[in-house]
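File shown: upload-v1.txt (compact mmCIF, C-alpha atoms).
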# COMPACT_ATOMS: atom_id res chain seq x y z
CA MET A 1 86.66 71.29 43.20
CA GLU A 2 89.10 70.35 45.96
CA THR A 3 92.65 69.45 45.10
CA LEU A 4 92.77 65.86 43.86
CA THR A 5 95.90 63.87 44.60
CA ASN A 6 94.46 60.35 44.93
CA TRP A 7 94.08 58.18 41.83
CA ASN A 8 90.90 56.33 42.77
CA GLU A 9 89.23 59.53 43.99
CA ALA A 10 90.11 61.12 40.65
CA LEU A 11 88.57 58.20 38.76
CA THR A 12 85.34 58.71 40.69
CA GLU A 13 85.42 62.50 40.24
CA PHE A 14 85.81 62.20 36.48
CA GLY A 15 83.25 59.39 36.12
CA ILE A 16 85.66 56.69 34.95
CA ASP A 17 85.74 54.42 38.00
CA PHE A 18 83.96 51.58 36.20
CA ASN A 19 85.40 48.07 36.01
CA VAL A 20 85.44 45.78 32.99
CA ALA A 21 84.96 42.04 32.62
CA LYS A 22 85.09 39.40 29.89
CA ARG A 23 81.79 37.89 28.84
CA PRO A 24 81.12 35.02 26.39
CA LEU A 25 80.36 36.25 22.88
CA TYR A 26 77.34 34.95 20.98
CA ALA A 27 76.52 35.33 17.30
CA ALA A 28 73.02 35.45 15.84
CA VAL A 29 72.18 32.44 13.67
CA GLU A 30 69.81 32.13 10.77
CA GLY A 31 66.30 31.32 11.90
CA GLY A 32 66.70 32.97 15.27
CA GLY A 33 68.64 32.27 18.41
CA ALA A 34 72.35 32.67 19.09
CA GLN A 35 75.41 30.47 19.04
CA LEU A 36 78.45 30.71 21.31
CA VAL A 37 81.58 31.90 19.52
CA PRO A 38 84.47 29.72 20.72
CA ASN A 39 87.42 31.47 22.40
CA LEU A 40 86.06 34.96 21.75
CA TYR A 41 84.78 37.36 24.37
CA SER A 42 83.30 40.82 24.64
CA ILE A 43 84.37 43.36 27.26
CA VAL A 44 81.50 44.61 29.42
CA ARG A 45 81.42 47.75 31.60
CA SER A 46 80.27 47.33 35.19
CA ASP A 47 78.43 50.67 35.32
CA THR A 48 76.28 50.19 32.22
CA ASN A 49 76.41 46.38 31.83
CA LYS A 50 76.96 47.02 28.13
CA PRO A 51 79.78 45.65 25.98
CA LEU A 52 82.37 47.99 24.56
CA PRO A 53 81.36 48.45 20.90
CA GLY A 54 83.46 46.66 18.33
CA VAL A 55 85.62 44.90 20.90
CA ALA A 56 86.29 41.15 20.85
CA VAL A 57 89.22 39.49 22.62
CA ASN A 58 90.50 35.93 22.82
CA GLY A 59 90.59 33.71 25.87
CA ARG A 60 94.17 34.66 26.75
CA TYR A 61 93.31 38.33 27.17
CA GLU A 62 93.16 39.44 30.81
CA THR A 63 91.19 42.51 31.82
CA ILE A 64 93.05 45.02 33.98
CA GLN A 65 91.08 47.61 35.92
CA THR A 66 92.08 51.25 35.75
CA SER A 67 92.19 51.27 39.55
CA ALA A 68 94.96 48.64 39.48
CA PHE A 69 97.55 51.33 38.75
CA ALA A 70 96.70 53.47 41.78
CA ASP A 71 100.02 52.93 43.54
CA VAL A 72 102.03 53.92 40.45
CA ALA A 73 99.93 56.99 39.68
CA ASN A 74 99.84 58.11 43.33
CA TYR A 75 103.61 57.74 43.56
CA LEU A 76 104.20 59.87 40.46
CA VAL A 77 101.71 62.54 41.53
CA GLY A 78 103.12 62.61 45.05
CA GLU A 79 106.74 62.86 43.97
CA THR A 80 106.03 65.67 41.50
CA LYS A 81 103.54 67.40 43.87
CA ALA A 82 101.03 67.35 41.02
CA GLU A 83 97.25 67.31 41.19
CA PHE A 84 94.69 65.61 38.99
CA ILE A 85 92.90 68.16 36.83
CA GLY A 86 90.95 66.13 34.30
CA GLY A 87 89.95 62.73 33.08
CA GLY A 88 87.49 60.99 30.83
CA GLU A 89 86.85 58.29 28.29
CA PHE A 90 86.73 57.97 24.53
CA ASN A 91 85.06 55.44 22.25
CA ASP A 92 82.48 54.48 24.89
CA GLY A 93 85.12 53.53 27.44
CA ARG A 94 87.57 51.74 25.20
CA ILE A 95 90.15 54.38 26.10
CA VAL A 96 90.43 56.01 29.54
CA TRP A 97 92.66 58.97 30.39
CA VAL A 98 93.58 61.06 33.42
CA GLN A 99 95.74 64.16 33.47
CA ALA A 100 97.67 65.71 36.36
CA ARG A 101 99.29 69.16 36.45
CA MET A 102 102.66 69.69 38.07
CA PRO A 103 103.08 72.88 40.15
CA ASP A 104 106.15 74.19 38.37
CA SER A 105 106.28 75.32 34.75
CA ILE A 106 108.85 75.99 32.08
CA ARG A 107 109.66 79.66 31.54
CA VAL A 108 110.89 80.44 28.06
CA LYS A 109 114.13 82.38 28.23
CA GLY A 110 113.78 86.13 27.75
CA THR A 111 109.98 86.06 27.93
CA ASP A 112 107.15 85.83 30.45
CA ASP A 113 105.78 82.80 28.59
CA ARG A 114 105.24 79.78 30.79
CA ILE A 115 104.56 76.23 29.63
CA GLU A 116 102.60 73.87 31.85
CA LYS A 117 104.07 70.52 32.82
CA ASN A 118 101.50 67.74 32.89
CA LEU A 119 101.43 64.00 33.40
CA THR A 120 99.01 62.25 31.08
CA PHE A 121 97.93 58.71 31.97
CA ILE A 122 96.29 56.65 29.22
CA THR A 123 95.06 53.06 29.17
CA GLY A 124 92.81 50.94 26.99
CA HIS A 125 90.16 48.33 27.74
CA ASP A 126 90.05 46.98 24.20
CA GLY A 127 93.48 45.37 24.00
CA SER A 128 94.94 48.15 21.85
CA LEU A 129 96.81 50.08 24.52
CA CYS A 130 98.58 49.25 27.75
CA PHE A 131 98.89 51.64 30.70
CA MET A 132 101.14 54.53 29.68
CA VAL A 133 102.45 57.73 31.20
CA MET A 134 103.70 60.63 29.15
CA PRO A 135 104.90 64.17 29.83
CA GLU A 136 102.54 66.48 27.96
CA THR A 137 102.41 70.27 27.89
CA LEU A 138 98.92 70.42 26.39
CA ARG A 139 95.66 69.70 28.17
CA VAL A 140 93.31 67.07 26.81
CA PHE A 141 90.12 68.66 25.47
CA CYS A 142 88.85 66.77 22.42
CA ALA A 143 88.81 63.39 20.69
CA ASN A 144 91.13 64.47 17.88
CA GLN A 145 93.71 65.64 20.38
CA MET A 146 93.39 62.38 22.30
CA ASN A 147 94.03 60.44 19.08
CA ALA A 148 97.23 62.45 18.64
CA PHE A 149 98.16 61.82 22.27
CA MET A 150 97.60 58.09 21.83
CA GLN A 151 99.85 57.97 18.79
CA SER A 152 102.49 59.94 20.66
CA ALA A 153 102.09 57.65 23.66
CA ARG A 154 102.66 54.56 21.52
CA ASN A 155 105.91 56.10 20.23
CA ASN A 156 107.14 58.03 23.25
CA GLY A 157 105.05 57.08 26.27
CA VAL A 158 106.49 55.17 29.20
CA LYS A 159 104.77 51.78 29.37
CA ILE A 160 103.85 50.42 32.80
CA ARG A 161 103.67 46.64 32.91
CA HIS A 162 101.03 45.08 35.11
CA THR A 163 102.60 42.96 37.82
CA LYS A 164 101.32 41.52 41.09
CA SER A 165 104.46 42.63 42.92
CA ALA A 166 104.05 46.01 44.63
CA ASP A 167 107.84 46.43 44.78
CA ALA A 168 108.14 45.83 41.05
CA ARG A 169 105.37 48.34 40.31
CA LEU A 170 107.01 51.02 42.43
CA ALA A 171 110.36 50.31 40.79
CA GLN A 172 108.70 50.95 37.44
CA ALA A 173 107.19 54.14 38.85
CA GLY A 174 110.63 55.33 39.93
CA ASP A 175 112.05 54.67 36.47
CA THR A 176 109.05 56.43 34.92
CA LEU A 177 109.61 59.50 37.10
CA LEU A 178 113.21 59.73 35.94
CA SER A 179 112.10 59.46 32.30
CA VAL A 180 109.45 62.16 32.74
CA MET A 181 111.84 64.60 34.43
CA ASP A 182 114.52 63.94 31.81
CA ALA A 183 111.97 64.62 29.05
CA TYR A 184 110.97 67.95 30.58
CA ARG A 185 114.60 69.00 31.09
CA ALA A 186 115.34 68.21 27.44
CA PHE A 187 112.20 70.07 26.34
CA GLU A 188 113.24 73.15 28.35
CA VAL A 189 116.69 73.12 26.75
CA LYS A 190 115.09 72.98 23.29
CA CYS A 191 112.68 75.82 24.11
CA ASN A 192 115.47 78.08 25.30
CA PHE A 193 117.66 77.17 22.34
CA LEU A 194 114.85 78.16 19.98
CA ALA A 195 114.19 81.34 21.98
CA ASP A 196 117.83 82.34 21.39
CA THR A 197 117.67 81.50 17.69
CA ARG A 198 116.85 84.36 15.32
CA MET A 199 115.51 83.61 11.86
CA THR A 200 116.42 85.59 8.78
CA ASP A 201 113.64 87.03 6.64
CA ILE A 202 114.28 84.31 4.08
CA GLN A 203 114.05 81.55 6.69
CA LEU A 204 110.87 83.04 8.13
CA GLU A 205 109.17 83.24 4.75
CA ALA A 206 110.18 79.66 3.95
CA ALA A 207 108.75 78.52 7.29
CA MET A 208 105.48 80.40 6.73
CA ARG A 209 105.09 78.95 3.25
CA LYS A 210 105.53 75.44 4.67
CA VAL A 211 103.06 76.07 7.50
CA PHE A 212 100.39 77.44 5.17
CA GLY A 213 100.99 75.00 2.33
CA VAL A 214 102.31 77.56 -0.17
CA LYS A 215 104.61 76.22 -2.87
CA GLU A 216 108.22 77.26 -2.48
CA ASN A 217 108.51 78.88 -5.93
CA LEU A 218 105.06 80.49 -6.06
CA PRO A 219 105.45 84.28 -6.60
CA GLN A 220 104.18 86.54 -3.81
CA GLU A 221 101.58 88.13 -6.09
CA ASP A 222 100.04 84.72 -6.80
CA ILE A 223 99.47 83.82 -3.14
CA ALA A 224 95.79 84.05 -2.17
CA THR A 225 95.00 87.25 -0.25
CA ARG A 226 93.58 85.37 2.74
CA THR A 227 96.64 83.15 2.95
CA LYS A 228 98.93 86.14 2.62
CA ASN A 229 97.09 87.91 5.45
CA ASN A 230 97.40 84.83 7.65
CA MET A 231 101.10 84.63 6.89
CA GLU A 232 101.52 88.28 7.84
As structure tokens, please, write out the structure in this file.
Amino acid sequence: METLTNWNEALTEFGIDFNVAKRPLYAAVEGGGAQLVPNLYSIVRSDTNKPLPGVAVNGRYETIQTSAFADVANYLVGETKAEFIGGGEFNDGRIVWVQARMPDSIRVKGTDDRIEKNLTFITGHDGSLCFMVMPETLRVFCANQMNAFMQSARNNGVKIRHTKSADARLAQAGDTLLSVMDAYRAFEVKCNFLADTRMTDIQLEAAMRKVFGVKENLPQEDIATRTKNNME
């Protein structure tokens, strides 16, 4: 695959370039037929002409296409010299994500370990999530991980408001870039601090017990052999 640096081309490459639209919602009535549900709409995909399952929005809700954030995403990817490496959808298109990899990485002090620096873009078509950008060192590969990303995005992601003003959007993109770079600088400081920190045997055992769910006061001889081997 050629290097991808354009947002809309990435959406097409990863099969998520569909649009969404509001459609009137009807409910089945006893005896057959259907009745219009006032002020309630379903969200329908343009590529399948099917509604997103379990999604109903009110009349005030405005659909925003994933392509609408092209200028923001292209700015961030261009400024960081990143490239789009993956994208997809979850929950039948309710959530859409795209990930870009930055060319530089974080090298952990005193080691050859390198940590990738990614930009993860997430948005929702069901009213549950706005367009967000977050620095993320892990690559998206499964639904469970995406659920964790979404929770992290809600707490730590940089929210991009949808506005008709191109200048306002690019101003947001500039602020987002500063936030992303600050986050990675802080993460690198933490990594190197931890790399310089040496644990005592007591601290290490306490950490391993916590990781593997072993009670603090449980004698060594009572720890299950498999758990003990994993701790070792």
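Atom CA of Thr3 of chain A to atom CA of Asn19 of chain A spans 24.3 Å [interatomic distance, one decimal].
Closest approach to Ile106 of chain A among A:Leu52, A:Asn192, A:Met132, A:Gly213: A:Asn192, based on all atoms listed in the file.
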**OP:** Would you please work out which residue, of A:Gln220, A:Ser165, A:Thr227, A:Thr5, is nearest to Glu79 of chain A when using all atoms listed in the file?
**Re:** A:Thr5
**OP:** Find the residues around Phe149 of chain A up to 9 Å (all atoms listed in the file counted), leave out those fewer than 5 positions away in its own chain, and share them as a ChimeraX atom specification.
**Re:** /A:120,122,134,136,140,144,154
How would you write as an mmCIF file with C-alpha atoms, keeping the file's coordinate frame the residues that get within 9 Å of (82.8, 38.3, 24.6) in the file's frame, counting all atoms listed in the file?
data_model
loop_
_atom_site.group_PDB
_atom_site.id
_atom_site.type_symbol
_atom_site.label_atom_id
_atom_site.label_comp_id
_atom_site.auth_asym_id
_atom_site.auth_seq_id
_atom_site.Cartn_x
_atom_site.Cartn_y
_atom_site.Cartn_z
ATOM 1 C CA LYS A 22 85.090 39.400 29.890
ATOM 2 C CA ARG A 23 81.790 37.890 28.840
ATOM 3 C CA PRO A 24 81.120 35.020 26.390
ATOM 4 C CA LEU A 25 80.360 36.250 22.880
ATOM 5 C CA TYR A 26 77.340 34.950 20.980
ATOM 6 C CA VAL A 37 81.580 31.900 19.520
ATOM 7 C CA ASN A 39 87.420 31.470 22.400
ATOM 8 C CA LEU A 40 86.060 34.960 21.750
ATOM 9 C CA TYR A 41 84.780 37.360 24.370
ATOM 10 C CA SER A 42 83.300 40.820 24.640
ATOM 11 C CA ILE A 43 84.370 43.360 27.260
ATOM 12 C CA VAL A 44 81.500 44.610 29.420
ATOM 13 C CA PRO A 51 79.780 45.650 25.980
ATOM 14 C CA VAL A 55 85.620 44.900 20.900
ATOM 15 C CA ALA A 56 86.290 41.150 20.850
ATOM 16 C CA VAL A 57 89.220 39.490 22.620
ATOM 17 C CA ASN A 58 90.500 35.930 22.820
#
Original post:
How far is it from atom CA of Ile95 of chain A to atom CA of Asp126 of chain A, in Å with one decimal?
Top reply: 7.6 Å
Subject >> Selection: 12 Å around Lys164 of chain A, all atoms listed in the file, excl. self and same-chain fewer than 5 positions, as a VMD selection string >> reply: chain A and resid 64 68 to 69 71 169 to 170
Would you put the residues from that selection into a file with C-alpha atoms, as a PDB file, in the frame of the given file?
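And here is the file that came out, selection-v5.pdb:
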ATOM      1  CA  ILE A  64      93.050  45.020  33.980  1.00  0.00           C
ATOM      2  CA  ALA A  68      94.960  48.640  39.480  1.00  0.00           C
ATOM      3  CA  PHE A  69      97.550  51.330  38.750  1.00  0.00           C
ATOM      4  CA  ASP A  71     100.020  52.930  43.540  1.00  0.00           C
ATOM      5  CA  ARG A 169     105.370  48.340  40.310  1.00  0.00           C
ATOM      6  CA  LEU A 170     107.010  51.020  42.430  1.00  0.00           C
TER       7      LEU A 170
END
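In this model, the gap between atom CA of Val77 of chain A and atom CA of Ala100 of chain A comes to 7.3 Å.
With all atoms listed in the file as the atoms that count, the minimum distance from Arg161 of chain A to the choices A:Cys142, A:Ala148, A:Val96, A:Val72 is reached by A:Val72.
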**OP:** Write out as a ChimeraX atom specification each polymer residue whose atoms come within 7 Å of Asn8 of chain A, counting only C-alpha atoms; drop sequence neighbours fewer than 4 positions from it.
**Re:** /A:12,67,70
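The smallest atom-to-atom distance between Gly110 of chain A and any of A:Gln65, A:Asp196, A:Arg209, A:Ala82, using all atoms listed in the file, is found for A:Asp196.
Closest to Arg45 of chain A among A:Val108, A:Glu83, A:His125, A:Glu116 is A:His125, based on all atoms listed in the file.
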**OP:** Write out as a VMD selection string each polymer residue whose atoms come within 12 Å of Leu178 of chain A, counting only C-alpha atoms; drop sequence neighbours fewer than 4 positions from it.
**Re:** chain A and resid 76 79 to 80 133 to 135 158 171 to 174 182 to 185
File dump, residues just selected, C-alpha atoms, as a PDB file, in the frame of the given file:
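That gives us part_14.pdb:
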ATOM      1  CA  LEU A  76     104.200  59.870  40.460  1.00  0.00           C
ATOM      2  CA  GLU A  79     106.740  62.860  43.970  1.00  0.00           C
ATOM      3  CA  THR A  80     106.030  65.670  41.500  1.00  0.00           C
ATOM      4  CA  VAL A 133     102.450  57.730  31.200  1.00  0.00           C
ATOM      5  CA  MET A 134     103.700  60.630  29.150  1.00  0.00           C
ATOM      6  CA  PRO A 135     104.900  64.170  29.830  1.00  0.00           C
ATOM      7  CA  VAL A 158     106.490  55.170  29.200  1.00  0.00           C
ATOM      8  CA  ALA A 171     110.360  50.310  40.790  1.00  0.00           C
ATOM      9  CA  GLN A 172     108.700  50.950  37.440  1.00  0.00           C
ATOM     10  CA  ALA A 173     107.190  54.140  38.850  1.00  0.00           C
ATOM     11  CA  GLY A 174     110.630  55.330  39.930  1.00  0.00           C
ATOM     12  CA  ASP A 182     114.520  63.940  31.810  1.00  0.00           C
ATOM     13  CA  ALA A 183     111.970  64.620  29.050  1.00  0.00           C
ATOM     14  CA  TYR A 184     110.970  67.950  30.580  1.00  0.00           C
ATOM     15  CA  ARG A 185     114.600  69.000  31.090  1.00  0.00           C
TER      16      ARG A 185
END
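Closest approach to Pro53 of chain A among A:Thr66, A:Asp92, A:Asn217, A:Lys117 is made by A:Asp92 (distances from only C-alpha atoms).
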Give, as AutoDock Vina command-line options, the centre coordinates and the x, y and z edge lengths in Å to one decimal for an axis-aligned box around all listed atoms of segment 36-43 of chain A, padded by 3 Å on each side.
--center_x 82.9 --center_y 36.5 --center_z 23.4 --size_x 15.0 --size_y 19.6 --size_z 13.7
**OP:** Place a sphere of radius 7 Å on (116.2, 79.3, 28.8) in the file coordinates and name every protein, DNA or RNA residue with an atom inside or on its surface, counting all atoms listed in the file; give the answer as a PyMOL selection string.
**Re:** chain A and resi 108-109+188-189+191-193
